[in-house]
Amino acid sequence: MSMETNPMGAPGRTVSTRGVPIARHRIGVAGLSLIAFALLAAASWGFILLGGDSGFQELFSHETWANAGSFIGELAGKGSGERAAFLQPGKWAHAGKLAYETLAMSVLAIGFAGVGALLTFLPAARNVAVGELAPARRGLPTWKALYFVVRIIFTFTRGIPELILAMIIIFFLSPGILPGALALGLHNYGILGKLSAEVVENLDTHPARALRASGAGSFQMLAYAIMPQVLPQFITYLLYRWEVVIRTTIVVGFVSAGGLGRDFRLSMSFFHYTDVALLLIWYILLVIGIDLLCAWLRRLVRT
Amino acid sequence: MKHDKHPTLRARVSSRTLQAAVSWKAFGNLLESRGLLTILLMGALAWSLSAIDWGGPLAHAGGGASALQFFSALLSLDLSPSFLQVALKASWYTVAYAVAGITLAVALGLPLGIIASGALARSRKVRWPVVFGTRAFLAFVRSIHELVWAWLFVAAIGLSPMAAILALAIPYGGILGRIYSEILNDVPEGPLRSLRASGASEWKVFLYGRLVMALPDMLSYTFYRFECAIRAAAIMSFVGIAGLGYQIQLSLDDLLYGQVWTLLFFLVALVLMVDIWSGLVRRRMVP
């Protein structure tokens, strides 16, 4: 019997062509996934809570909260004989310089990621590499190979967090802005590359095919039919990732020793908690500033 | 266009005030254009390149050699059964912390997101401050990276798995709350109006209308965040929490690059599996 999905779009319910509704208690991928996730959650929480030393009971002890309270007090400068760091203009200026370095690191990182993705996203798009937009038959095997190579690179760089990339890169490069920016850039290269390849895969191919039919070369097709559709979306993704990058820059700085992260790590290790508070203030200012800037820049893209 | 037949008119138009007005308009257009965007992006990249200290040595003295060692270790992965067991156990720790973190994040983000959407606020007088306050709170908690939270938690309540889970759940709760509130607000109004017209209370309109319509998008975004949580759980090692990141750090400290690569492959495989799973769910839920 032929079936068609219910026009109301209710999932898992089908209506026969004769119009007799059939109640179907079929569990789809979504339902199964939810059950699997619930089981996974139960197993994880069970493992953590029963494993001993989870720190869960301590969450309800008076001592823990007293410690937390005194930590917050120390961040605010209570109990220390010295003048709080955020009351000293000199320290503000110093932290400001670090914030400036952090900003440079984030821009450099997103720049690396953006340039890298722009150079390589094309062969990673299925419709360009092997599908309807594929170049002349002669070059096809090369493009097929390129498709797999670039996709594997995207997956690998995307799968490894920035901090671990930084831990590895710091083995080769001297500490500073560059290793951190490279680590951040590599990870975001994978993300941006995958996202922009997906944009190409979903784009309207009519203009490209029309151009080709009227005798345009590959480059002309790229410049006049593909890029104009891809670039606005690409820039939007780039700006979204920049917002993430600026939050992560401080973390990468823990190991690559550049910007706010370096001093954050040092101040935490020396228990200079008012310095930590000052660095956090600059960090939050930076994050909020970039969020606002990106919102404005995204408006420019849409015009 | 035809040739200009009125040179006198043209001369009048190009009087100084008008010229100024025209250039101001051009400036205004520039501020709203993609050309400006291109200039800004290029300028920012050039500035950031200039911020690097190009004078000093960029690589360590032995940097090239150790890079070569690192990449050649790709050919000598440590695949001994005992090490694979270590890697599997570390992967399970990472998954367990990620799952625990994301469930707690949903528990935080769902109520906050519902409040921030303003869907349940009765009077306008209450609505504005509550919505604005919740949004500001969500923006604050998500502006701080999870590892920074982790470090603050370790300093405040001591090193324990719970500290890492809370550190993951708080910024993720902030992100989920914001996205949930946006999804709840973007629901089409028509069905809600008809529910109201048939006498449903605001609570019922929310439960049977808004929430039901928003649920697929909310679930699919949560699954996407789960993938990010795996990576986040892996780097919690930095403050001393067990997992793949911790093992990677140990192997790096011992210069056992073969082990590092094996662990990296485990991490990538884990992320890829969750990615495929969440992709499957998303395609089903959001056509």
# chains A, B, ... in the order shown; residues from 1 in each chain; ligands from 1

$ closest_atom_pairs --of "chain B" --to "chain A" --cutoff "7 Å" --atoms "only C-alpha atoms" --output "tab-separated table"
residue	atom	partner	partner_atom	distance
B:Glu32	CA	A:Leu300	CA	5.6
B:Ser33	CA	A:Leu300	CA	5.8
B:Arg34	CA	A:Leu300	CA	5.9
B:Leu37	CA	A:Leu300	CA	6.7
B:Ala44	CA	A:Val107	CA	6.7
B:Leu45	CA	A:Gly111	CA	5.9
B:Ser48	CA	A:Ala104	CA	4.7
B:Leu49	CA	A:Leu108	CA	6.5
B:Ala51	CA	A:Ala104	CA	6.5
B:Ile52	CA	A:Ile177	CA	6.3
B:Leu58	CA	A:Ser174	CA	5.5
B:Ala59	CA	A:Leu173	CA	3.9
B:His60	CA	A:Ser174	CA	5.3
B:Gly63	CA	A:Phe172	CA	4.0
B:Gly64	CA	A:Phe172	CA	6.5
B:Ser66	CA	A:Phe172	CA	6.5
B:Ala67	CA	A:Phe172	CA	6.0
B:Ala96	CA	A:Ser44	CA	4.5
B:Val99	CA	A:Ala41	CA	5.8
B:Ala100	CA	A:Trp45	CA	6.0
B:Ser143	CA	A:Val287	CA	6.3
B:Ile144	CA	A:Arg247	CA	6.6
B:His145	CA	A:Arg247	CA	5.7
B:Leu147	CA	A:Val251	CA	6.8
B:Ala156	CA	A:Ala68	CA	4.3
B:Ile157	CA	A:Thr64	CA	5.5
B:Ser160	CA	A:Gly55	CA	5.2
B:Pro161	CA	A:Ser54	CA	5.2
B:Met162	CA	A:Gly55	CA	5.4
B:Arg231	CA	A:Pro161	CA	5.9
B:Ile235	CA	A:Leu163	CA	6.8
B:Leu267	CA	A:Gly159	CA	6.9
B:Val268	CA	A:Gly159	CA	4.7
B:Val271	CA	A:Gly159	CA	5.8
B:Val281	CA	A:Ala30	CA	5.4
B:Arg284	CA	A:Ala30	CA	6.6
B:Met285	CA	A:Ala30	CA	6.9

$ write_last_selection --atoms "C-alpha atoms" --output "mmCIF file, in the first residue's frame"
data_model
loop_
_atom_site.group_PDB
_atom_site.id
_atom_site.type_symbol
_atom_site.label_atom_id
_atom_site.label_comp_id
_atom_site.auth_asym_id
_atom_site.auth_seq_id
_atom_site.Cartn_x
_atom_site.Cartn_y
_atom_site.Cartn_z
ATOM 1 C CA GLU B 32 26.818 51.041 4.988
ATOM 2 C CA SER B 33 28.602 49.178 2.241
ATOM 3 C CA ARG B 34 30.502 45.991 1.672
ATOM 4 C CA LEU B 37 33.781 45.785 5.196
ATOM 5 C CA ALA B 44 42.615 44.295 10.619
ATOM 6 C CA LEU B 45 44.657 41.434 9.194
ATOM 7 C CA SER B 48 47.528 41.909 13.479
ATOM 8 C CA LEU B 49 50.476 40.772 11.348
ATOM 9 C CA ALA B 51 51.720 43.048 16.067
ATOM 10 C CA ILE B 52 53.938 39.951 15.868
ATOM 11 C CA LEU B 58 60.021 32.667 15.631
ATOM 12 C CA ALA B 59 60.972 29.041 16.270
ATOM 13 C CA HIS B 60 62.999 27.404 19.014
ATOM 14 C CA GLY B 63 62.052 23.583 16.815
ATOM 15 C CA GLY B 64 62.462 22.284 13.303
ATOM 16 C CA SER B 66 61.265 18.390 17.057
ATOM 17 C CA ALA B 67 58.563 19.225 14.498
ATOM 18 C CA ALA B 96 31.020 11.035 30.675
ATOM 19 C CA VAL B 99 27.328 14.228 28.822
ATOM 20 C CA ALA B 100 27.066 15.256 32.479
ATOM 21 C CA SER B 143 31.226 35.550 27.790
ATOM 22 C CA ILE B 144 33.717 33.642 29.964
ATOM 23 C CA HIS B 145 35.311 30.554 28.450
ATOM 24 C CA LEU B 147 38.214 26.625 31.028
ATOM 25 C CA ALA B 156 36.890 28.330 44.817
ATOM 26 C CA ILE B 157 35.635 24.827 45.631
ATOM 27 C CA SER B 160 36.958 17.573 41.611
ATOM 28 C CA PRO B 161 34.989 16.267 38.621
ATOM 29 C CA MET B 162 32.016 18.342 39.794
ATOM 30 C CA ARG B 231 36.024 18.997 22.905
ATOM 31 C CA ILE B 235 40.560 20.296 27.550
ATOM 32 C CA LEU B 267 39.637 12.364 20.053
ATOM 33 C CA VAL B 268 38.938 13.059 16.376
ATOM 34 C CA VAL B 271 34.100 14.128 17.778
ATOM 35 C CA VAL B 281 19.193 13.917 14.398
ATOM 36 C CA ARG B 284 15.340 14.298 10.924
ATOM 37 C CA MET B 285 14.133 17.088 13.149
#

$ closest_residue --among "B:Ala119, B:Leu166, B:Ala233, B:Leu244" --to "Asn185 in chain B" --atoms "only C-alpha atoms"
B:Ala119

$ atom_distance --atom1 "CA of Ala90 in chain B" --atom2 "CA of Gly243 in chain B"
4.3 Å

$ residues_around --residues "Leu219 in chain B" --least-positions-apart "3" --cutoff "9 Å" --atoms "only C-alpha atoms" --output "MDAnalysis selection string"
chainID B and resid 214:216 222:224 281:282 285

$ write_last_selection --atoms "N, CA and C atoms" --output "PDB file, in the first residue's frame"
ATOM      1  N   ALA B 214       8.682  24.764  19.006  1.00  0.00           N
ATOM      2  CA  ALA B 214      10.109  25.112  19.085  1.00  0.00           C
ATOM      3  C   ALA B 214      10.989  23.897  19.350  1.00  0.00           C
ATOM      4  N   LEU B 215      10.389  22.814  19.839  1.00  0.00           N
ATOM      5  CA  LEU B 215      11.166  21.689  20.326  1.00  0.00           C
ATOM      6  C   LEU B 215      12.161  21.091  19.314  1.00  0.00           C
ATOM      7  N   PRO B 216      11.744  20.843  18.053  1.00  0.00           N
ATOM      8  CA  PRO B 216      12.731  20.252  17.124  1.00  0.00           C
ATOM      9  C   PRO B 216      13.990  21.093  16.986  1.00  0.00           C
ATOM     10  N   THR B 222      20.794  21.583  20.677  1.00  0.00           N
ATOM     11  CA  THR B 222      21.407  20.948  21.842  1.00  0.00           C
ATOM     12  C   THR B 222      22.361  19.839  21.412  1.00  0.00           C
ATOM     13  N   PHE B 223      21.959  19.078  20.403  1.00  0.00           N
ATOM     14  CA  PHE B 223      22.835  18.017  19.919  1.00  0.00           C
ATOM     15  C   PHE B 223      24.107  18.585  19.299  1.00  0.00           C
ATOM     16  N   TYR B 224      23.962  19.733  18.615  1.00  0.00           N
ATOM     17  CA  TYR B 224      25.157  20.374  18.074  1.00  0.00           C
ATOM     18  C   TYR B 224      26.102  20.782  19.198  1.00  0.00           C
ATOM     19  N   VAL B 281      20.346  13.417  13.639  1.00  0.00           N
ATOM     20  CA  VAL B 281      19.193  13.917  14.398  1.00  0.00           C
ATOM     21  C   VAL B 281      18.680  15.211  13.783  1.00  0.00           C
ATOM     22  N   ARG B 282      19.628  16.103  13.429  1.00  0.00           N
ATOM     23  CA  ARG B 282      19.205  17.402  12.915  1.00  0.00           C
ATOM     24  C   ARG B 282      18.462  17.285  11.595  1.00  0.00           C
ATOM     25  N   MET B 285      14.987  16.172  12.388  1.00  0.00           N
ATOM     26  CA  MET B 285      14.133  17.088  13.149  1.00  0.00           C
ATOM     27  C   MET B 285      13.806  18.338  12.368  1.00  0.00           C
TER      28      MET B 285
END

$ atom_distance --atom1 "CA of Ala163 in chain B" --atom2 "CA of Arg178 in chain B"
23.1 Å

$ atom_distance --atom1 "CA of Leu98 in chain A" --atom2 "CA of Gly289 in chain A"
15.6 Å

$ closest_residue --among "A:Ile35, A:Phe219, A:Leu165, A:Gly116" --to "Val260 in chain B" --atoms "only C-alpha atoms"
A:Leu165

$ residues_around --residues "Val128 in chain A" --least-positions-apart "5" --cutoff "9 Å" --atoms "only C-alpha atoms" --output "mmCIF file with C-alpha atoms, in the first residue's frame"
data_model
loop_
_atom_site.group_PDB
_atom_site.id
_atom_site.type_symbol
_atom_site.label_atom_id
_atom_site.label_comp_id
_atom_site.auth_asym_id
_atom_site.auth_seq_id
_atom_site.Cartn_x
_atom_site.Cartn_y
_atom_site.Cartn_z
ATOM 1 C CA LEU A 122 36.285 24.720 -3.211
ATOM 2 C CA PRO A 123 37.559 21.157 -3.712
ATOM 3 C CA LEU A 133 29.830 21.707 -11.153
ATOM 4 C CA ALA A 134 32.855 19.452 -11.599
ATOM 5 C CA PRO A 135 35.514 20.679 -14.008
ATOM 6 C CA TRP A 143 39.697 16.756 -7.895
ATOM 7 C CA VAL A 200 28.795 25.756 -1.839
ATOM 8 C CA GLU A 201 27.024 22.411 -1.698
#

$ select_by_dssp --residues "range 7-249 of chain B" --states "alpha helix (DSSP H)" --output "VMD selection string"
chain B and resid 7 to 13 16 to 31 34 to 50 63 to 72 81 to 117 124 to 143 146 to 157 161 to 185 189 to 197 202 to 205 211 to 235 244 to 249

$ decode --residues "range 254-289 of chain A" --atoms "N, CA and C atoms" --output "mmCIF file, in the first residue's frame"
data_model
loop_
_atom_site.group_PDB
_atom_site.id
_atom_site.type_symbol
_atom_site.label_atom_id
_atom_site.label_comp_id
_atom_site.auth_asym_id
_atom_site.auth_seq_id
_atom_site.Cartn_x
_atom_site.Cartn_y
_atom_site.Cartn_z
ATOM 1 N N PHE A 254 47.200 30.572 27.981
ATOM 2 C CA PHE A 254 47.745 29.840 29.137
ATOM 3 C C PHE A 254 49.010 29.096 28.748
ATOM 4 N N VAL A 255 48.988 28.458 27.564
ATOM 5 C CA VAL A 255 50.155 27.660 27.186
ATOM 6 C C VAL A 255 51.067 28.372 26.190
ATOM 7 N N SER A 256 50.499 29.238 25.321
ATOM 8 C CA SER A 256 51.359 29.861 24.317
ATOM 9 C C SER A 256 51.979 31.150 24.842
ATOM 10 N N ALA A 257 51.612 31.532 26.067
ATOM 11 C CA ALA A 257 52.237 32.671 26.728
ATOM 12 C C ALA A 257 52.105 33.961 25.942
ATOM 13 N N GLY A 258 50.916 34.240 25.467
ATOM 14 C CA GLY A 258 50.673 35.522 24.808
ATOM 15 C C GLY A 258 49.415 36.157 25.351
ATOM 16 N N GLY A 259 49.445 37.478 25.519
ATOM 17 C CA GLY A 259 48.233 38.203 25.885
ATOM 18 C C GLY A 259 47.743 37.948 27.297
ATOM 19 N N LEU A 260 46.441 38.129 27.511
ATOM 20 C CA LEU A 260 45.841 38.053 28.844
ATOM 21 C C LEU A 260 46.038 36.687 29.501
ATOM 22 N N GLY A 261 46.065 35.623 28.683
ATOM 23 C CA GLY A 261 46.153 34.270 29.226
ATOM 24 C C GLY A 261 47.403 34.055 30.047
ATOM 25 N N ARG A 262 48.537 34.604 29.562
ATOM 26 C CA ARG A 262 49.805 34.403 30.262
ATOM 27 C C ARG A 262 49.728 34.973 31.677
ATOM 28 N N ASP A 263 49.291 36.232 31.790
ATOM 29 C CA ASP A 263 49.232 36.861 33.108
ATOM 30 C C ASP A 263 48.159 36.241 33.986
ATOM 31 N N PHE A 264 47.072 35.761 33.351
ATOM 32 C CA PHE A 264 46.020 35.092 34.117
ATOM 33 C C PHE A 264 46.602 33.858 34.816
ATOM 34 N N ARG A 265 47.357 33.093 34.033
ATOM 35 C CA ARG A 265 47.952 31.871 34.591
ATOM 36 C C ARG A 265 48.920 32.205 35.730
ATOM 37 N N LEU A 266 49.784 33.220 35.473
ATOM 38 C CA LEU A 266 50.771 33.588 36.494
ATOM 39 C C LEU A 266 50.073 34.084 37.756
ATOM 40 N N SER A 267 49.087 34.971 37.585
ATOM 41 C CA SER A 267 48.431 35.551 38.757
ATOM 42 C C SER A 267 47.675 34.491 39.546
ATOM 43 N N MET A 268 47.068 33.515 38.832
ATOM 44 C CA MET A 268 46.381 32.436 39.532
ATOM 45 C C MET A 268 47.387 31.615 40.330
ATOM 46 N N SER A 269 48.549 31.349 39.720
ATOM 47 C CA SER A 269 49.540 30.507 40.393
ATOM 48 C C SER A 269 50.125 31.191 41.619
ATOM 49 N N PHE A 270 50.240 32.539 41.559
ATOM 50 C CA PHE A 270 50.804 33.264 42.698
ATOM 51 C C PHE A 270 49.723 33.753 43.660
ATOM 52 N N PHE A 271 48.472 33.350 43.423
ATOM 53 C CA PHE A 271 47.337 33.765 44.255
ATOM 54 C C PHE A 271 47.155 35.280 44.291
ATOM 55 N N HIS A 272 47.526 35.965 43.220
ATOM 56 C CA HIS A 272 47.295 37.410 43.136
ATOM 57 C C HIS A 272 45.892 37.625 42.580
ATOM 58 N N TYR A 273 44.893 37.439 43.456
ATOM 59 C CA TYR A 273 43.533 37.353 42.935
ATOM 60 C C TYR A 273 42.965 38.685 42.447
ATOM 61 N N THR A 274 43.461 39.811 42.995
ATOM 62 C CA THR A 274 42.922 41.080 42.474
ATOM 63 C C THR A 274 43.430 41.326 41.054
ATOM 64 N N ASP A 275 44.631 40.833 40.743
ATOM 65 C CA ASP A 275 45.122 40.914 39.359
ATOM 66 C C ASP A 275 44.236 40.066 38.445
ATOM 67 N N VAL A 276 43.850 38.886 38.961
ATOM 68 C CA VAL A 276 42.961 38.019 38.190
ATOM 69 C C VAL A 276 41.661 38.767 37.881
ATOM 70 N N ALA A 277 41.130 39.453 38.906
ATOM 71 C CA ALA A 277 39.874 40.179 38.707
ATOM 72 C C ALA A 277 40.036 41.242 37.626
ATOM 73 N N LEU A 278 41.177 41.973 37.672
ATOM 74 C CA LEU A 278 41.412 43.016 36.678
ATOM 75 C C LEU A 278 41.494 42.410 35.271
ATOM 76 N N LEU A 279 42.200 41.275 35.149
ATOM 77 C CA LEU A 279 42.327 40.628 33.833
ATOM 78 C C LEU A 279 40.962 40.173 33.337
ATOM 79 N N LEU A 280 40.137 39.673 34.259
ATOM 80 C CA LEU A 280 38.795 39.234 33.866
ATOM 81 C C LEU A 280 37.957 40.410 33.389
ATOM 82 N N ILE A 281 38.133 41.576 34.043
ATOM 83 C CA ILE A 281 37.376 42.763 33.607
ATOM 84 C C ILE A 281 37.755 43.108 32.170
ATOM 85 N N TRP A 282 39.044 43.151 31.874
ATOM 86 C CA TRP A 282 39.485 43.459 30.508
ATOM 87 C C TRP A 282 38.973 42.414 29.520
ATOM 88 N N TYR A 283 39.022 41.157 29.960
ATOM 89 C CA TYR A 283 38.576 40.046 29.108
ATOM 90 C C TYR A 283 37.104 40.213 28.736
ATOM 91 N N ILE A 284 36.276 40.506 29.739
ATOM 92 C CA ILE A 284 34.836 40.633 29.473
ATOM 93 C C ILE A 284 34.566 41.860 28.604
ATOM 94 N N LEU A 285 35.308 42.966 28.870
ATOM 95 C CA LEU A 285 35.149 44.163 28.026
ATOM 96 C C LEU A 285 35.464 43.821 26.574
ATOM 97 N N LEU A 286 36.547 43.069 26.380
ATOM 98 C CA LEU A 286 36.976 42.689 25.033
ATOM 99 C C LEU A 286 35.897 41.849 24.349
ATOM 100 N N VAL A 287 35.387 40.859 25.082
ATOM 101 C CA VAL A 287 34.389 39.949 24.505
ATOM 102 C C VAL A 287 33.124 40.724 24.119
ATOM 103 N N ILE A 288 32.651 41.584 25.029
ATOM 104 C CA ILE A 288 31.420 42.328 24.734
ATOM 105 C C ILE A 288 31.651 43.302 23.584
ATOM 106 N N GLY A 289 32.836 43.944 23.580
ATOM 107 C CA GLY A 289 33.157 44.876 22.495
ATOM 108 C C GLY A 289 33.141 44.183 21.138
#
